[in-house]
Amino acid sequence: RKEVEQDPGPFNVPEGATVAFNCTYSNSASQSFFWYRQDCRKEPKLLMSVYSSGNEDGRFTAQLNRASQYISLLIRDSKLSDSATYLCVVNKRRDEYGNKLVFGAGTILRVKS
Amino acid sequence: DVKVTQSSRYLVKRTGEKVFLECVQDMDHENMFWYRQDPGLGLRLIYFSYDVKMKEKGDIPEGYSVSREKKERFSLILESASTNQTSMYLCASSLGAGLAGYEQYFGPGTRLTVT
């Protein structure tokens, strides 16, 4: 079983739509959670961290369900520029020697006009 | 802005060659990482360094080695390239321990083809 699992998509949505992605993780000891965004042929970049209480950044809302070990990302009012691959990311372990992350394989979003 | 640079965007090597991939970051980050990214598998950690001359194996270290002689530079070495090492290689860096250290900054990647 993969440590972080995501639906690969693609999710094809019209502009203005609301779209949600889920991700599950297997390590119950994980403490930190993130969504990264990767544009086509580009490097991944941090989109947002995911906090226990849920958090919002403009049109983006991230939520965490520790009991079920899943993380979600909701995008409202989709824009063409939101087209990208969204990577669900979980920390591998917390220790003094830096912070290792486990990346999901990503969910492809295509927003069409 | 954090900048992570990688020595090549595209590289073509022959089976059995020794390959060096270089990564440099300019933000004095303690941690540096090498990943490979393959379709359907996502990013997989090859090696990780949390300080100069310190390294730790990631999930798929076989066939690779690393070198970190200076804080800003982290090199990935393919001792004898094989066709199954054809992939996109991404270098990343992050601050030290603590929550801020989880944000990793990536270089543009090196697409390596081994023929």
# chains A, B, ... in the order shown; residues from 1 in each chain; ligands from 1

$ interface_residues --of "chain B" --to "chain A" --cutoff "9 Å" --atoms "only C-alpha atoms" --output "PyMOL selection string"
chain B and resi 30-31+33+37-45+48-51+58+90+94-99+101-109

$ closest_residue --among "B:Lys18, B:Cys23, B:Asp28, B:Thr110" --to "Arg68 of chain B" --atoms "only C-alpha atoms"
B:Cys23

$ residues_around --residues "Gln6 of chain B" --least-positions-apart "2" --cutoff "12 Å" --atoms "only C-alpha atoms" --output "PyMOL selection string"
(chain A and resi 43) or (chain B and resi 3-4+8-11+20-26+34+72-76+88-93+106-111)

$ write_last_selection --atoms "N, CA, C and O atoms" --output "compact mmCIF listing (two decimals), in the first residue's frame"
# COMPACT_ATOMS: atom_id res chain seq x y z
N GLU A 43 8.66 22.56 -11.48
CA GLU A 43 8.90 21.94 -10.20
C GLU A 43 7.70 22.12 -9.25
O GLU A 43 6.93 23.07 -9.39
N LYS B 3 16.41 30.29 -4.23
CA LYS B 3 16.69 29.79 -5.56
C LYS B 3 17.47 28.49 -5.45
O LYS B 3 18.48 28.41 -4.76
N VAL B 4 16.95 27.48 -6.14
CA VAL B 4 17.63 26.19 -6.22
C VAL B 4 17.92 25.95 -7.69
O VAL B 4 17.00 25.98 -8.52
N SER B 8 21.91 20.81 -15.07
CA SER B 8 21.44 20.58 -16.44
C SER B 8 19.92 20.41 -16.43
O SER B 8 19.37 19.88 -15.49
N ARG B 9 19.25 20.84 -17.49
CA ARG B 9 17.82 20.56 -17.63
C ARG B 9 17.60 19.22 -18.31
O ARG B 9 16.66 18.51 -17.99
N TYR B 10 18.46 18.91 -19.28
CA TYR B 10 18.36 17.65 -20.01
C TYR B 10 19.74 17.02 -20.11
O TYR B 10 20.73 17.72 -20.29
N LEU B 11 19.75 15.70 -19.97
CA LEU B 11 21.02 14.98 -20.01
C LEU B 11 20.77 13.62 -20.66
O LEU B 11 19.79 12.96 -20.32
N PHE B 20 27.02 12.71 -12.92
CA PHE B 20 26.99 13.66 -11.79
C PHE B 20 25.87 14.67 -12.03
O PHE B 20 25.82 15.33 -13.06
N LEU B 21 24.98 14.80 -11.05
CA LEU B 21 23.96 15.84 -11.08
C LEU B 21 24.25 16.79 -9.92
O LEU B 21 24.39 16.36 -8.78
N GLU B 22 24.34 18.08 -10.26
CA GLU B 22 24.69 19.07 -9.26
C GLU B 22 23.50 19.93 -8.89
O GLU B 22 22.68 20.28 -9.73
N CYS B 23 23.44 20.31 -7.63
CA CYS B 23 22.37 21.16 -7.13
C CYS B 23 22.97 22.21 -6.20
O CYS B 23 23.79 21.88 -5.34
N VAL B 24 22.55 23.46 -6.39
CA VAL B 24 23.04 24.55 -5.55
C VAL B 24 21.86 25.36 -5.04
O VAL B 24 20.97 25.70 -5.82
N GLN B 25 21.86 25.68 -3.75
CA GLN B 25 20.82 26.55 -3.19
C GLN B 25 21.49 27.77 -2.55
O GLN B 25 22.60 27.67 -2.03
N ASP B 26 20.77 28.88 -2.59
CA ASP B 26 21.39 30.13 -2.17
C ASP B 26 20.79 30.71 -0.89
O ASP B 26 20.97 31.89 -0.60
N TRP B 34 17.41 14.83 -2.73
CA TRP B 34 17.32 14.41 -4.12
C TRP B 34 16.16 13.44 -4.27
O TRP B 34 16.03 12.47 -3.52
N GLU B 72 25.89 24.71 0.51
CA GLU B 72 25.00 25.11 -0.57
C GLU B 72 24.93 24.11 -1.71
O GLU B 72 24.10 24.26 -2.59
N ARG B 73 25.76 23.10 -1.71
CA ARG B 73 25.85 22.21 -2.87
C ARG B 73 25.62 20.76 -2.47
O ARG B 73 26.22 20.25 -1.51
N PHE B 74 24.77 20.09 -3.24
CA PHE B 74 24.45 18.68 -2.98
C PHE B 74 24.48 17.96 -4.31
O PHE B 74 23.72 18.30 -5.22
N SER B 75 25.35 16.99 -4.42
CA SER B 75 25.54 16.29 -5.69
C SER B 75 24.98 14.88 -5.62
O SER B 75 25.13 14.20 -4.60
N LEU B 76 24.37 14.47 -6.69
CA LEU B 76 23.87 13.10 -6.84
C LEU B 76 24.74 12.40 -7.88
O LEU B 76 24.99 12.96 -8.95
N MET B 88 13.05 11.93 -14.22
CA MET B 88 13.22 13.34 -13.88
C MET B 88 13.80 13.37 -12.46
O MET B 88 13.23 12.77 -11.55
N TYR B 89 14.91 14.09 -12.31
CA TYR B 89 15.55 14.20 -11.00
C TYR B 89 15.36 15.62 -10.47
O TYR B 89 15.68 16.60 -11.14
N LEU B 90 14.83 15.69 -9.26
CA LEU B 90 14.54 16.98 -8.64
C LEU B 90 15.33 17.12 -7.35
O LEU B 90 15.33 16.23 -6.50
N CYS B 91 15.97 18.28 -7.22
CA CYS B 91 16.68 18.62 -6.00
C CYS B 91 15.81 19.59 -5.22
O CYS B 91 15.07 20.40 -5.81
N ALA B 92 15.88 19.52 -3.90
CA ALA B 92 15.11 20.45 -3.06
C ALA B 92 15.93 20.82 -1.84
O ALA B 92 16.86 20.11 -1.45
N SER B 93 15.56 21.95 -1.23
CA SER B 93 16.20 22.34 0.02
C SER B 93 15.14 22.87 0.97
O SER B 93 14.06 23.29 0.55
N PHE B 106 12.14 23.58 -4.62
CA PHE B 106 12.67 22.67 -5.63
C PHE B 106 13.42 23.40 -6.73
O PHE B 106 13.09 24.54 -7.10
N GLY B 107 14.39 22.71 -7.28
CA GLY B 107 15.02 23.17 -8.50
C GLY B 107 14.16 22.79 -9.70
O GLY B 107 13.16 22.10 -9.55
N PRO B 108 14.54 23.23 -10.89
CA PRO B 108 13.73 23.00 -12.08
C PRO B 108 13.75 21.56 -12.59
O PRO B 108 12.95 21.20 -13.44
N GLY B 109 14.65 20.75 -12.06
CA GLY B 109 14.70 19.35 -12.47
C GLY B 109 15.69 19.08 -13.59
O GLY B 109 16.00 19.97 -14.40
N THR B 110 16.19 17.86 -13.62
CA THR B 110 17.04 17.37 -14.71
C THR B 110 16.39 16.13 -15.28
O THR B 110 16.16 15.16 -14.55
N ARG B 111 16.07 16.20 -16.56
CA ARG B 111 15.51 15.00 -17.20
C ARG B 111 16.67 14.19 -17.75
O ARG B 111 17.33 14.60 -18.70

$ atom_distance --atom1 "atom CA of Ile46 of chain B" --atom2 "atom CA of Lys13 of chain B"
19.4 Å

$ closest_residue --among "B:Tyr35, B:Thr5, B:Gly63, B:Lys57" --to "Thr83 of chain B" --atoms "only C-alpha atoms"
B:Gly63

$ atom_distance --atom1 "atom CA of Ala20 of chain A" --atom2 "atom CA of Lys79 of chain A"
14.0 Å

$ closest_residue --among "B:Ser7, B:Ser80, B:Ser87, B:Ser67" --to "Thr113 of chain B" --atoms "only C-alpha atoms"
B:Ser87

$ atom_distance --atom1 "atom CA of Lys71 of chain B" --atom2 "atom CA of Val52 of chain B"
5.3 Å

$ select_by_dssp --residues "segment 29-115 of chain B" --states "strand (DSSP E)" --output "count of residues only"
50

$ residues_around --residues "Ser72 of chain A" --least-positions-apart "6" --cutoff "10 Å" --atoms "only C-alpha atoms" --output "PyMOL selection string"
chain A and resi 20-24+34-35+50+54+61-65+88
